[in-house]
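So this one's run.txt, compact mmCIF, C-alpha atoms:
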```
# COMPACT_ATOMS: atom_id res chain seq x y z
CA MET A 1 -76.91 -17.44 43.61
CA LYS A 2 -78.79 -14.40 42.28
CA LYS A 3 -78.85 -12.82 45.76
CA SER A 4 -75.13 -13.50 46.17
CA GLY A 5 -74.33 -11.91 42.80
CA LEU A 6 -76.42 -8.87 43.64
CA LEU A 7 -74.62 -8.45 46.97
CA ILE A 8 -71.24 -8.65 45.27
CA ALA A 9 -72.34 -6.06 42.69
CA LEU A 10 -73.53 -3.69 45.43
CA MET A 11 -70.26 -4.11 47.32
CA LEU A 12 -68.25 -3.36 44.17
CA LEU A 13 -70.45 -0.30 43.48
CA PHE A 14 -69.89 0.97 47.06
CA ALA A 15 -66.15 0.38 46.77
CA PHE A 16 -66.07 2.23 43.44
CA SER A 17 -68.08 5.13 44.93
CA THR A 18 -65.75 5.37 47.94
CA SER A 19 -62.74 5.25 45.67
CA CYS A 20 -64.17 8.12 43.57
CA LYS A 21 -64.80 10.25 46.68
CA THR A 22 -61.25 9.59 47.89
CA ALA A 23 -59.91 10.56 44.49
CA GLN A 24 -62.05 13.72 44.48
CA LYS A 25 -60.72 14.67 47.93
CA ALA A 26 -57.17 14.09 46.75
CA VAL A 27 -57.75 16.30 43.70
CA ALA A 28 -59.35 19.00 45.89
CA ALA A 29 -56.44 18.85 48.35
CA LYS A 30 -53.97 19.12 45.47
CA THR A 31 -55.87 22.12 44.06
CA GLU A 32 -55.79 23.88 47.45
CA SER A 33 -52.10 23.09 47.78
CA GLU A 34 -51.46 24.57 44.34
CA LYS A 35 -53.43 27.68 45.32
CA ASP A 36 -51.33 28.07 48.47
CA SER A 37 -48.20 27.52 46.44
CA LYS A 38 -49.27 30.20 43.97
CA LYS A 39 -49.95 32.60 46.85
CA LYS A 40 -46.50 31.97 48.25
CA SER A 41 -44.90 32.26 44.82
CA LYS A 42 -45.94 35.92 44.66
CA PHE A 43 -42.91 36.60 46.82
CA LYS A 44 -39.38 35.55 45.99
CA THR A 45 -37.18 33.83 48.52
CA TYR A 46 -34.91 36.20 50.43
CA SER A 47 -31.73 34.77 48.90
CA LYS A 48 -33.08 35.30 45.39
CA VAL A 49 -33.59 39.02 46.07
CA ILE A 50 -30.73 39.79 48.48
CA THR A 51 -28.03 37.72 46.87
CA SER A 52 -24.59 36.87 48.19
CA ASP A 53 -23.23 39.78 46.11
CA ALA A 54 -25.34 42.34 48.00
CA LEU A 55 -23.62 45.28 49.70
CA THR A 56 -25.45 45.60 53.02
CA ASP A 57 -25.48 48.51 55.47
CA ASP A 58 -27.13 47.95 58.85
CA GLY A 59 -28.61 50.77 60.91
CA LEU A 60 -32.15 52.08 61.44
CA PHE A 61 -32.92 49.17 59.18
CA LYS A 62 -30.86 47.28 56.63
CA THR A 63 -30.25 48.73 53.19
CA HIS A 64 -28.89 46.60 50.36
CA GLN A 65 -27.36 47.30 46.97
CA VAL A 66 -27.54 44.45 44.45
CA GLU A 67 -25.84 45.60 41.25
CA ASP A 68 -27.84 48.71 40.23
CA ASP A 69 -30.81 48.04 42.52
CA PHE A 70 -31.33 49.34 46.06
CA PHE A 71 -33.49 47.59 48.65
CA TYR A 72 -34.83 48.51 52.09
CA GLU A 73 -35.34 45.71 54.59
CA ILE A 74 -37.90 47.21 56.97
CA PRO A 75 -38.48 45.42 60.30
CA ASN A 76 -42.12 44.88 61.19
CA ASP A 77 -41.63 46.89 64.39
CA MET A 78 -40.58 49.90 62.28
CA LEU A 79 -43.85 49.95 60.38
CA GLU A 80 -46.22 52.81 61.31
CA LYS A 81 -43.44 54.63 63.19
CA ASP A 82 -43.20 58.40 62.63
CA MET A 83 -40.08 59.44 60.73
CA LEU A 84 -38.98 62.90 59.68
CA TRP A 85 -38.01 63.16 56.00
CA VAL A 86 -35.87 66.18 55.06
CA THR A 87 -34.83 67.02 51.49
CA ARG A 88 -31.77 69.22 50.97
CA ILE A 89 -29.62 70.31 48.04
CA ALA A 90 -26.15 68.87 48.61
CA GLN A 91 -24.51 70.37 45.51
CA ILE A 92 -26.03 73.18 43.50
CA PRO A 93 -25.36 74.80 40.10
CA SER A 94 -24.17 78.39 40.00
CA ASN A 95 -26.84 81.09 40.40
CA LEU A 96 -29.75 78.69 40.98
CA GLY A 97 -32.46 80.71 42.73
CA GLY A 98 -30.72 83.99 41.92
CA GLY A 99 -27.94 83.44 44.45
CA TYR A 100 -30.20 83.01 47.48
CA MET A 101 -30.07 79.23 47.45
CA ASN A 102 -26.95 77.30 48.35
CA ALA A 103 -25.59 73.87 49.15
CA GLY A 104 -27.45 72.76 52.27
CA SER A 105 -30.70 74.56 51.40
CA LYS A 106 -33.75 72.64 52.60
CA THR A 107 -36.43 72.17 49.95
CA ASN A 108 -38.97 70.19 51.98
CA GLN A 109 -39.64 68.63 55.36
CA GLN A 110 -42.40 66.12 56.11
CA VAL A 111 -43.35 63.33 58.48
CA VAL A 112 -43.72 59.90 56.90
CA ALA A 113 -44.56 56.37 58.02
CA TRP A 114 -44.11 53.01 56.32
CA GLU A 115 -47.34 50.98 56.40
CA ARG A 116 -48.30 47.56 55.07
CA PHE A 117 -51.42 47.14 52.95
CA GLN A 118 -51.98 43.62 51.62
CA ASN A 119 -48.91 42.80 49.50
CA LYS A 120 -47.62 46.35 49.37
CA ILE A 121 -45.72 48.76 51.59
CA LEU A 122 -47.08 52.31 51.46
CA LEU A 123 -45.06 55.40 52.25
CA LYS A 124 -47.64 57.69 53.87
CA VAL A 125 -47.25 61.42 54.52
CA LYS A 126 -48.54 62.43 57.95
CA SER A 127 -49.61 65.82 59.24
CA TYR A 128 -49.82 67.19 62.77
CA SER A 129 -51.31 70.57 61.92
CA GLU A 130 -54.76 69.31 62.99
CA VAL A 131 -54.86 66.95 65.98
CA ALA A 132 -56.75 65.73 69.01
CA LEU A 133 -54.09 65.97 71.71
CA ASP A 134 -56.38 64.19 74.17
CA SER A 135 -55.97 60.65 72.80
CA THR A 136 -59.09 59.47 74.69
CA ALA A 137 -61.38 62.04 73.05
CA ALA A 138 -63.93 60.57 70.63
CA ILE A 139 -63.38 63.45 68.22
CA GLY A 140 -59.98 61.94 67.43
CA ASN A 141 -61.79 59.56 65.07
CA SER A 142 -63.33 62.52 63.25
CA VAL A 143 -59.96 64.25 62.97
CA LYS A 144 -58.50 61.10 61.40
CA VAL A 145 -61.21 60.53 58.77
CA ASN A 146 -61.26 64.22 57.84
CA ASN A 147 -57.49 64.40 57.38
CA TYR A 148 -56.78 61.33 55.24
CA GLU A 149 -53.04 60.87 54.80
CA PRO A 150 -51.77 60.89 51.20
CA THR A 151 -49.69 58.01 49.87
CA LEU A 152 -46.33 59.26 48.61
CA TYR A 153 -45.41 55.93 46.99
CA ALA A 154 -46.50 52.28 46.93
CA PHE A 155 -43.92 49.47 46.86
CA ASP A 156 -44.44 45.81 46.07
CA ILE A 157 -43.14 43.45 48.75
CA GLU A 158 -40.29 41.58 47.06
CA ALA A 159 -39.49 39.11 49.86
CA PHE A 160 -39.47 38.52 53.60
CA SER A 161 -36.46 38.08 55.85
CA ALA A 162 -35.57 34.50 56.79
CA ASP A 163 -37.31 34.84 60.17
CA SER A 164 -40.28 36.77 58.65
CA THR A 165 -39.65 39.77 60.93
CA ALA A 166 -38.96 42.21 58.08
CA VAL A 167 -40.18 43.01 54.56
CA VAL A 168 -37.93 43.74 51.60
CA ILE A 169 -38.86 46.40 49.03
CA ASN A 170 -37.05 47.74 45.97
CA VAL A 171 -36.65 51.53 46.29
CA THR A 172 -34.66 52.04 43.08
CA LYS A 173 -37.50 53.39 40.95
CA PHE A 174 -38.75 55.66 43.73
CA LEU A 175 -35.33 57.21 44.37
CA SER A 176 -34.61 57.52 40.62
CA THR A 177 -37.92 59.22 39.77
CA ASP A 178 -38.73 62.92 39.81
CA VAL A 179 -41.07 62.81 42.82
CA PRO A 180 -42.22 66.43 43.47
CA SER A 181 -42.37 66.24 47.29
CA ILE A 182 -38.73 65.11 47.57
CA SER A 183 -37.36 67.11 44.66
CA GLY A 184 -34.64 69.74 44.75
CA LEU A 185 -36.52 71.88 42.22
CA SER A 186 -39.69 73.70 43.22
CA SER A 187 -42.50 74.37 40.76
CA ARG A 188 -41.45 78.03 40.75
CA LEU A 189 -37.89 77.21 39.68
CA ARG A 190 -39.12 74.73 37.07
CA LYS A 191 -41.27 77.45 35.54
CA GLN A 192 -38.50 80.06 35.78
CA TYR A 193 -35.89 77.90 34.03
CA LYS A 194 -38.38 76.17 31.69
CA VAL A 195 -37.56 72.71 32.95
CA ARG A 196 -39.04 70.03 30.70
CA SER A 197 -38.19 66.71 32.35
CA LEU A 198 -35.72 64.62 34.32
CA ASP A 199 -33.11 63.07 32.06
CA LYS A 200 -32.95 59.46 33.32
CA ASN A 201 -29.78 58.77 31.34
CA ARG A 202 -27.95 61.45 33.33
CA SER A 203 -29.59 60.76 36.70
CA PHE A 204 -28.69 58.09 39.24
CA ILE A 205 -28.59 57.12 42.92
CA ASN A 206 -25.20 58.13 44.27
CA SER A 207 -25.32 56.40 47.67
CA VAL A 208 -27.60 54.94 50.35
CA LYS A 209 -26.27 54.78 53.92
CA SER A 210 -27.97 53.50 57.07
CA PHE A 211 -27.12 54.82 60.54
CA PRO A 212 -28.57 53.87 63.97
CA GLU A 213 -31.39 56.43 63.83
CA ASN A 214 -31.43 57.65 60.24
CA ILE A 215 -30.96 56.77 56.59
CA GLU A 216 -29.16 59.12 54.19
CA VAL A 217 -29.55 59.01 50.40
CA LYS A 218 -27.70 61.05 47.78
CA GLN A 219 -29.16 61.43 44.28
CA ASP A 220 -27.55 63.01 41.21
CA PHE A 221 -30.27 64.51 39.03
CA THR A 222 -30.05 66.25 35.66
CA TYR A 223 -33.05 68.08 34.21
CA THR A 224 -33.44 69.32 30.65
CA ALA A 225 -34.10 73.07 30.76
CA ALA A 226 -34.57 75.69 28.04
CA GLU A 227 -33.23 78.53 30.21
CA PRO A 228 -30.88 77.12 32.90
CA PRO A 229 -29.35 79.55 35.45
CA SER A 230 -25.81 78.81 34.25
CA ASN A 231 -23.98 76.88 31.51
CA SER A 232 -26.81 77.69 29.11
CA SER A 233 -25.13 75.90 26.19
CA VAL A 234 -25.65 72.55 27.96
CA GLY A 235 -29.42 73.08 28.14
CA SER A 236 -29.76 71.36 31.49
CA ILE A 237 -29.60 71.73 35.28
CA SER A 238 -27.59 69.21 37.33
CA MET A 239 -27.71 69.00 41.12
CA GLN A 240 -27.07 66.59 43.93
CA VAL A 241 -29.95 66.09 46.38
CA ASN A 242 -29.74 64.57 49.86
CA GLN A 243 -32.67 62.74 51.45
CA SER A 244 -32.55 62.32 55.24
CA MET A 245 -34.99 60.10 57.10
CA ILE A 246 -34.74 60.02 60.90
CA LEU A 247 -36.79 58.14 63.48
CA LEU A 248 -38.70 60.58 65.69
CA PRO A 249 -38.59 60.10 69.49
CA GLU A 250 -41.16 57.72 70.96
CA VAL A 251 -41.68 60.20 73.80
CA PRO A 252 -41.92 63.74 72.40
CA MET A 253 -40.52 66.71 74.27
CA GLN A 254 -42.81 68.72 76.52
CA PRO A 255 -44.05 71.58 74.31
CA ARG A 256 -43.64 75.24 75.24
CA LEU A 257 -46.33 77.72 74.29
CA PHE A 258 -45.34 80.75 72.25
CA ASP A 259 -45.26 84.14 73.94
CA PRO A 260 -45.85 86.98 71.43
CA ARG A 261 -43.60 89.28 73.47
CA VAL A 262 -40.53 87.23 72.45
CA GLY A 263 -39.37 86.40 68.93
CA PHE A 264 -39.30 82.67 68.19
CA PHE A 265 -39.66 80.36 65.24
CA THR A 266 -42.93 78.52 65.81
CA ILE A 267 -45.21 75.67 64.79
CA ASP A 268 -49.01 75.92 64.73
CA GLN A 269 -51.61 73.29 65.59
CA ILE A 270 -55.37 73.09 65.78
CA ASP A 271 -56.48 70.93 68.70
CA TYR A 272 -60.02 69.59 68.35
CA SER A 273 -60.07 67.93 71.77
CA SER A 274 -60.67 71.24 73.54
CA LYS A 275 -62.65 71.08 76.79
CA ALA A 276 -64.52 74.15 75.56
CA LEU A 277 -65.96 72.14 72.64
CA LYS A 278 -64.18 74.21 70.02
CA ALA A 279 -61.04 74.11 67.91
CA ASP A 280 -58.15 75.54 69.93
CA GLU A 281 -55.39 77.16 67.91
CA LYS A 282 -52.06 76.51 69.62
CA THR A 283 -48.64 77.89 68.79
CA TYR A 284 -45.48 76.27 70.14
CA ILE A 285 -41.93 77.53 69.94
CA ARG A 286 -39.28 75.52 68.14
CA ARG A 287 -36.41 74.85 70.53
CA TRP A 288 -33.53 72.55 71.36
CA ARG A 289 -34.18 69.52 73.53
CA LEU A 290 -31.85 70.43 76.40
CA GLU A 291 -32.20 68.12 79.39
CA PRO A 292 -29.98 68.31 82.51
CA LYS A 293 -27.57 65.48 83.33
CA ASP A 294 -28.32 66.04 87.01
CA PRO A 295 -32.02 66.97 87.37
CA GLU A 296 -31.78 67.37 91.17
CA ALA A 297 -28.90 69.85 90.95
CA TYR A 298 -30.73 71.66 88.16
CA ALA A 299 -33.84 71.91 90.38
CA ARG A 300 -31.66 73.44 93.13
CA GLY A 301 -30.65 76.19 90.73
CA GLU A 302 -27.12 74.92 90.07
CA LEU A 303 -25.46 75.11 86.67
CA VAL A 304 -25.41 71.68 85.05
CA GLU A 305 -24.33 70.29 81.70
CA PRO A 306 -27.01 68.99 79.33
CA ILE A 307 -27.29 65.32 78.44
CA LYS A 308 -26.85 66.27 74.81
CA PRO A 309 -25.28 69.70 74.15
CA ILE A 310 -25.94 71.77 71.04
CA ILE A 311 -23.01 71.19 68.70
CA TYR A 312 -22.44 73.27 65.59
CA TYR A 313 -19.89 72.01 63.06
CA LEU A 314 -18.14 74.39 60.71
CA ASP A 315 -18.54 73.63 57.03
CA PRO A 316 -15.33 72.00 55.68
CA GLY A 317 -15.26 74.83 53.11
CA THR A 318 -14.98 77.56 55.77
CA PRO A 319 -11.89 79.80 55.21
CA GLU A 320 -9.22 79.10 57.82
CA ASN A 321 -8.81 82.78 58.75
CA LEU A 322 -12.51 83.04 59.70
CA LYS A 323 -12.94 79.86 61.73
CA LYS A 324 -11.97 81.27 65.15
CA TYR A 325 -14.37 84.21 64.78
CA ILE A 326 -17.28 82.02 63.74
CA LYS A 327 -16.59 79.66 66.66
CA GLN A 328 -16.45 82.58 69.06
CA GLY A 329 -19.75 83.90 67.72
CA ILE A 330 -21.38 80.52 68.42
CA GLU A 331 -19.90 79.97 71.87
CA ASP A 332 -20.69 83.51 73.02
CA TRP A 333 -24.21 82.09 73.40
CA GLN A 334 -23.01 80.00 76.34
CA LYS A 335 -23.65 82.93 78.70
CA PRO A 336 -27.35 83.29 77.80
CA PHE A 337 -27.78 79.53 78.22
CA GLU A 338 -26.28 79.79 81.70
CA THR A 339 -29.19 82.03 82.68
CA ALA A 340 -31.38 79.02 81.81
CA GLY A 341 -29.28 76.81 84.12
CA PHE A 342 -27.01 75.08 81.58
CA LYS A 343 -23.25 75.26 81.24
CA ASN A 344 -21.39 74.24 78.08
CA ALA A 345 -24.77 74.06 76.39
CA ILE A 346 -23.55 75.17 72.96
CA ILE A 347 -20.24 74.15 71.39
CA ALA A 348 -18.52 74.90 68.07
CA ARG A 349 -16.31 72.33 66.37
CA ASP A 350 -14.45 71.88 63.13
CA ALA A 351 -16.00 69.30 60.84
CA PRO A 352 -14.15 65.98 61.12
CA THR A 353 -11.78 65.13 58.29
CA PRO A 354 -12.49 62.12 56.04
CA GLU A 355 -9.76 60.29 57.97
CA GLU A 356 -11.42 61.06 61.32
CA ASP A 357 -14.96 60.23 60.16
CA PRO A 358 -15.43 59.07 56.56
CA GLU A 359 -19.21 59.01 57.08
CA PHE A 360 -19.57 62.69 58.05
CA SER A 361 -21.75 64.75 55.74
CA PRO A 362 -23.02 68.32 56.28
CA GLU A 363 -26.41 67.18 54.95
CA ASP A 364 -26.68 64.33 57.48
CA ILE A 365 -29.73 65.06 59.65
CA ARG A 366 -27.75 64.21 62.80
CA TYR A 367 -25.49 67.25 62.48
CA SER A 368 -26.02 71.00 62.76
CA VAL A 369 -23.65 72.80 60.41
CA VAL A 370 -22.75 76.45 59.77
CA ARG A 371 -22.34 76.55 55.99
CA TYR A 372 -19.96 78.98 54.32
CA VAL A 373 -21.20 79.77 50.81
CA ALA A 374 -18.91 80.73 47.92
CA SER A 375 -21.23 83.34 46.41
CA THR A 376 -21.16 86.99 45.40
CA THR A 377 -24.58 87.42 47.05
CA ARG A 378 -24.27 88.77 50.58
CA ASN A 379 -26.83 86.91 52.59
CA ALA A 380 -27.34 84.90 55.77
CA VAL A 381 -30.19 82.52 56.56
CA GLY A 382 -30.90 80.25 59.50
CA PRO A 383 -32.97 77.29 58.33
CA SER A 384 -33.74 74.67 60.94
CA VAL A 385 -35.44 71.28 61.29
CA SER A 386 -37.77 70.34 64.13
CA ASP A 387 -40.28 67.72 65.23
CA PRO A 388 -43.63 69.05 63.93
CA LEU A 389 -45.49 67.50 66.85
CA ARG A 390 -43.72 69.32 69.69
CA GLY A 391 -41.18 71.68 68.11
CA SER A 392 -38.02 69.95 69.41
```
As structure tokens, please, write out the structure in this file.
Amino acid sequence: MKKSGLLIALMLLFAFSTSCKTAQKAVAAKTESEKDSKKKSKFKTYSKVITSDALTDDGLFKTHQVEDDFFYEIPNDMLEKDMLWVTRIAQIPSNLGGGYMNAGSKTNQQVVAWERFQNKILLKVKSYSEVALDSTAAIGNSVKVNNYEPTLYAFDIEAFSADSTAVVINVTKFLSTDVPSISGLSSRLRKQYKVRSLDKNRSFINSVKSFPENIEVKQDFTYTAAEPPSNSSVGSISMQVNQSMILLPEVPMQPRLFDPRVGFFTIDQIDYSSKALKADEKTYIRRWRLEPKDPEAYARGELVEPIKPIIYYLDPGTPENLKKYIKQGIEDWQKPFETAGFKNAIIARDAPTPEEDPEFSPEDIRYSVVRYVASTTRNAVGPSVSDPLRGS
């Protein structure tokens, strides 16, 4: 009887021990599940961020407006892609810059890329002034670590698309903040007009539009200033700034080396992958990417039309009595282009009316525009935008 009782006690003890271990495993599993749940809860569900009231525009990638907030939905395959970011003044106060700045003036141009780091999306600024053009050269690693790319802004990931192929970020604060590298006011002008700060109560995002290869943003900014260039009694400077971001070509254009005997706008690079074991300084010309529709006929020396001609639009504010002369001045360049083998290479057109194309904007990076400036300052400038890698 004593042996039997002892056996029963041991069996009960074993059962109790097993039960405790099972309970411990269950508690551990629950704890891990809660940890996973907390990790997932860092991000909101897509429908909570991009609600049914969202105004969505689909293009390079989707942009959304939810009440006063703006969101970018960036596909994973768009991360780490080179994009050209160009900042222009769309509307300008009288006499800003002493009459030598005007609507359409470019204030900055830079290459950027969206990159993911942990739970953030970083907007990185890239430079191609120092490179290793031979991608197989070991020195490329040294070029990279000695030219660390600055982070322009860091965004929290708000949500993921339903199929997890895109990240959603809120760009409202970034586009509403006085970020120096995308500002319409240089440090020189801020000092000249004694600009104190951006007035957030009089500043806002005007519009965000997405197109197949670019995204266009308009911002209305008002700065408090002790000595503004005009309307001094207001004590402020108001302007409208346009931000263009365009996807750069996957395959860059074949570069053309600069010849000092001919005047060209140029870009400079230092190539560290030189076969001579030195840093080669290279200068390329900035030029249009003209490619023949019929390469075989072009090779035979025949005149051919380009795949994509150079089109200049006339500013909608151009006086009617001057339009034909400006167009003639542009299209007179067709003859020089014919010596290079292209016909109808350069064309002048009136800007489309709002009825013809409600999306047209002179600041849109897709268009080349001859701007007519209502100013007492006699001046002409020819700013241009090009791919900093190959000059196209």
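Closest approach to A:Leu60 among A:Phe160, A:Tyr193, A:Phe117, A:Phe211: A:Phe211, based on only C-alpha atoms.
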(message) For a quick check of understanding, using all atoms listed in the file, which of A:Ile285, A:Ile311, A:Met101, A:Leu96 has the smallest distance to A:Ile267?
(response) A:Ile285
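Pairwise distance (atom CA of A:Val111, atom CA of A:Lys126) equals 5.3 Å.
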(message) Considering all atoms listed in the file, can you say which of A:Gly341, A:Pro93, A:Gly184, A:Pro150 comes closest to A:Asp294?
(response)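 Using all atoms listed in the file, the shortest distance to A:Asp294 belongs to A:Gly341.
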(message) Restricting the calculation to all atoms listed in the file: of A:Pro383, A:Val262, A:Asn95, A:Leu290, which residue gets closest to A:Ala345?
(response) A:Leu290
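If only C-alpha atoms are the atoms counted, then among A:Met239, A:Ile310, A:Asn231, A:Ile246 the closest residue to A:Gln110 is A:Ile246.
Nearest-residue note for A:Asp364: choosing from A:Asp315, A:Asp259, A:Asp350, A:Glu216, the minimum distance belongs to A:Glu216, counting all atoms listed in the file.
Every protein or nucleic acid residue with an atom no more than 12 Å from A:Asn344, counting all atoms listed in the file and leaving out same-chain residues fewer than 3 positions away, appears here: A:Leu290, A:Pro292, A:Lys293, A:Leu303, A:Val304, A:Glu305, A:Pro306, A:Ile307, A:Lys308, A:Pro309, A:Ile310, A:Ile311, A:Ile330, A:Glu331, A:Asp332, A:Trp333, A:Gln334, A:Lys335, A:Pro336, A:Phe337, A:Glu338, A:Thr339, A:Ala340, A:Gly341, A:Ile347, A:Ala348.
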(request) For A:Thr283, work out the shell of residues within 10 Å, counting all atoms listed in the file and skipping chain neighbours fewer than 2 positions away, then give it as a list in words. (result) Pro255, Arg256, Leu257, Phe258, Asp259, Pro260, Phe265, Thr266, Ile267, Asp268, Gln269, Ile270, Asp280, Glu281, Ile285, Arg286, Arg390 and Gly391 of chain A
(request) Please identify all polymer residues within 12 Å of stretch 370-379 of chain A, counting all atoms listed in the file, omitting same-chain residues fewer than 5 positions from it, and present them as a VMD selection string. (result) chain A and resid 90 to 105 311 to 320 322 to 323 326 to 327 329 to 330 348 to 351 361 to 363 384
For the residues in the current selection, export C-alpha atoms as a PDB file, in the frame of the given file.
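This went into out_25.pdb:
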```pdb
ATOM      1  CA  ALA A  90     -26.150  68.870  48.610  1.00  0.00           C
ATOM      2  CA  GLN A  91     -24.510  70.370  45.510  1.00  0.00           C
ATOM      3  CA  ILE A  92     -26.030  73.180  43.500  1.00  0.00           C
ATOM      4  CA  PRO A  93     -25.360  74.800  40.100  1.00  0.00           C
ATOM      5  CA  SER A  94     -24.170  78.390  40.000  1.00  0.00           C
ATOM      6  CA  ASN A  95     -26.840  81.090  40.400  1.00  0.00           C
ATOM      7  CA  LEU A  96     -29.750  78.690  40.980  1.00  0.00           C
ATOM      8  CA  GLY A  97     -32.460  80.710  42.730  1.00  0.00           C
ATOM      9  CA  GLY A  98     -30.720  83.990  41.920  1.00  0.00           C
ATOM     10  CA  GLY A  99     -27.940  83.440  44.450  1.00  0.00           C
ATOM     11  CA  TYR A 100     -30.200  83.010  47.480  1.00  0.00           C
ATOM     12  CA  MET A 101     -30.070  79.230  47.450  1.00  0.00           C
ATOM     13  CA  ASN A 102     -26.950  77.300  48.350  1.00  0.00           C
ATOM     14  CA  ALA A 103     -25.590  73.870  49.150  1.00  0.00           C
ATOM     15  CA  GLY A 104     -27.450  72.760  52.270  1.00  0.00           C
ATOM     16  CA  SER A 105     -30.700  74.560  51.400  1.00  0.00           C
ATOM     17  CA  ILE A 311     -23.010  71.190  68.700  1.00  0.00           C
ATOM     18  CA  TYR A 312     -22.440  73.270  65.590  1.00  0.00           C
ATOM     19  CA  TYR A 313     -19.890  72.010  63.060  1.00  0.00           C
ATOM     20  CA  LEU A 314     -18.140  74.390  60.710  1.00  0.00           C
ATOM     21  CA  ASP A 315     -18.540  73.630  57.030  1.00  0.00           C
ATOM     22  CA  PRO A 316     -15.330  72.000  55.680  1.00  0.00           C
ATOM     23  CA  GLY A 317     -15.260  74.830  53.110  1.00  0.00           C
ATOM     24  CA  THR A 318     -14.980  77.560  55.770  1.00  0.00           C
ATOM     25  CA  PRO A 319     -11.890  79.800  55.210  1.00  0.00           C
ATOM     26  CA  GLU A 320      -9.220  79.100  57.820  1.00  0.00           C
ATOM     27  CA  LEU A 322     -12.510  83.040  59.700  1.00  0.00           C
ATOM     28  CA  LYS A 323     -12.940  79.860  61.730  1.00  0.00           C
ATOM     29  CA  ILE A 326     -17.280  82.020  63.740  1.00  0.00           C
ATOM     30  CA  LYS A 327     -16.590  79.660  66.660  1.00  0.00           C
ATOM     31  CA  GLY A 329     -19.750  83.900  67.720  1.00  0.00           C
ATOM     32  CA  ILE A 330     -21.380  80.520  68.420  1.00  0.00           C
ATOM     33  CA  ALA A 348     -18.520  74.900  68.070  1.00  0.00           C
ATOM     34  CA  ARG A 349     -16.310  72.330  66.370  1.00  0.00           C
ATOM     35  CA  ASP A 350     -14.450  71.880  63.130  1.00  0.00           C
ATOM     36  CA  ALA A 351     -16.000  69.300  60.840  1.00  0.00           C
ATOM     37  CA  SER A 361     -21.750  64.750  55.740  1.00  0.00           C
ATOM     38  CA  PRO A 362     -23.020  68.320  56.280  1.00  0.00           C
ATOM     39  CA  GLU A 363     -26.410  67.180  54.950  1.00  0.00           C
ATOM     40  CA  SER A 384     -33.740  74.670  60.940  1.00  0.00           C
TER      41      SER A 384
END
```
(request) Name the residues within 7 Å of (-47.6, 61.8, 53.0), counting all atoms listed in the file in the file's coordinates, and put them as a count of residues only. (result) 9
(request) Find the distance between atom CA of A:Phe70 and atom CA of A:Asn170 and write it in Å to one decimal. (result) 5.9 Å
(request) Fewer than 6 positions away in the same chain doesn't count, so skip those; otherwise give me all residues within 9 Å of A:His64, counting all atoms listed in the file, as a count of residues only. (result) 11
(message) Rounded to one decimal, what separation in Å do you get between atom CA of A:Phe43 and atom CA of A:Ile74?
(response)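 Rounded to one decimal, the two atoms are 15.5 Å apart.
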(request) Please return, as a list of chain:residue names, all polymer residues that have at least one atom within 6 Å of the point (-29.4, 67.2, 33.5); use all atoms listed in the file and the file's own coordinate frame. (result)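 In the file's frame, the residues around the point are A:Asp199, A:Arg202, A:Thr222, A:Tyr223, A:Thr224, A:Ser236, A:Ile237, A:Ser238.
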(message) Would you pick out the contacts of A:Asp53 at 9 Å or less, using only C-alpha atoms, so that residues sharing its chain but fewer than 5 positions from it are not included, and give the list as a PyMOL selection string?
(response) chain A and resi 65-67
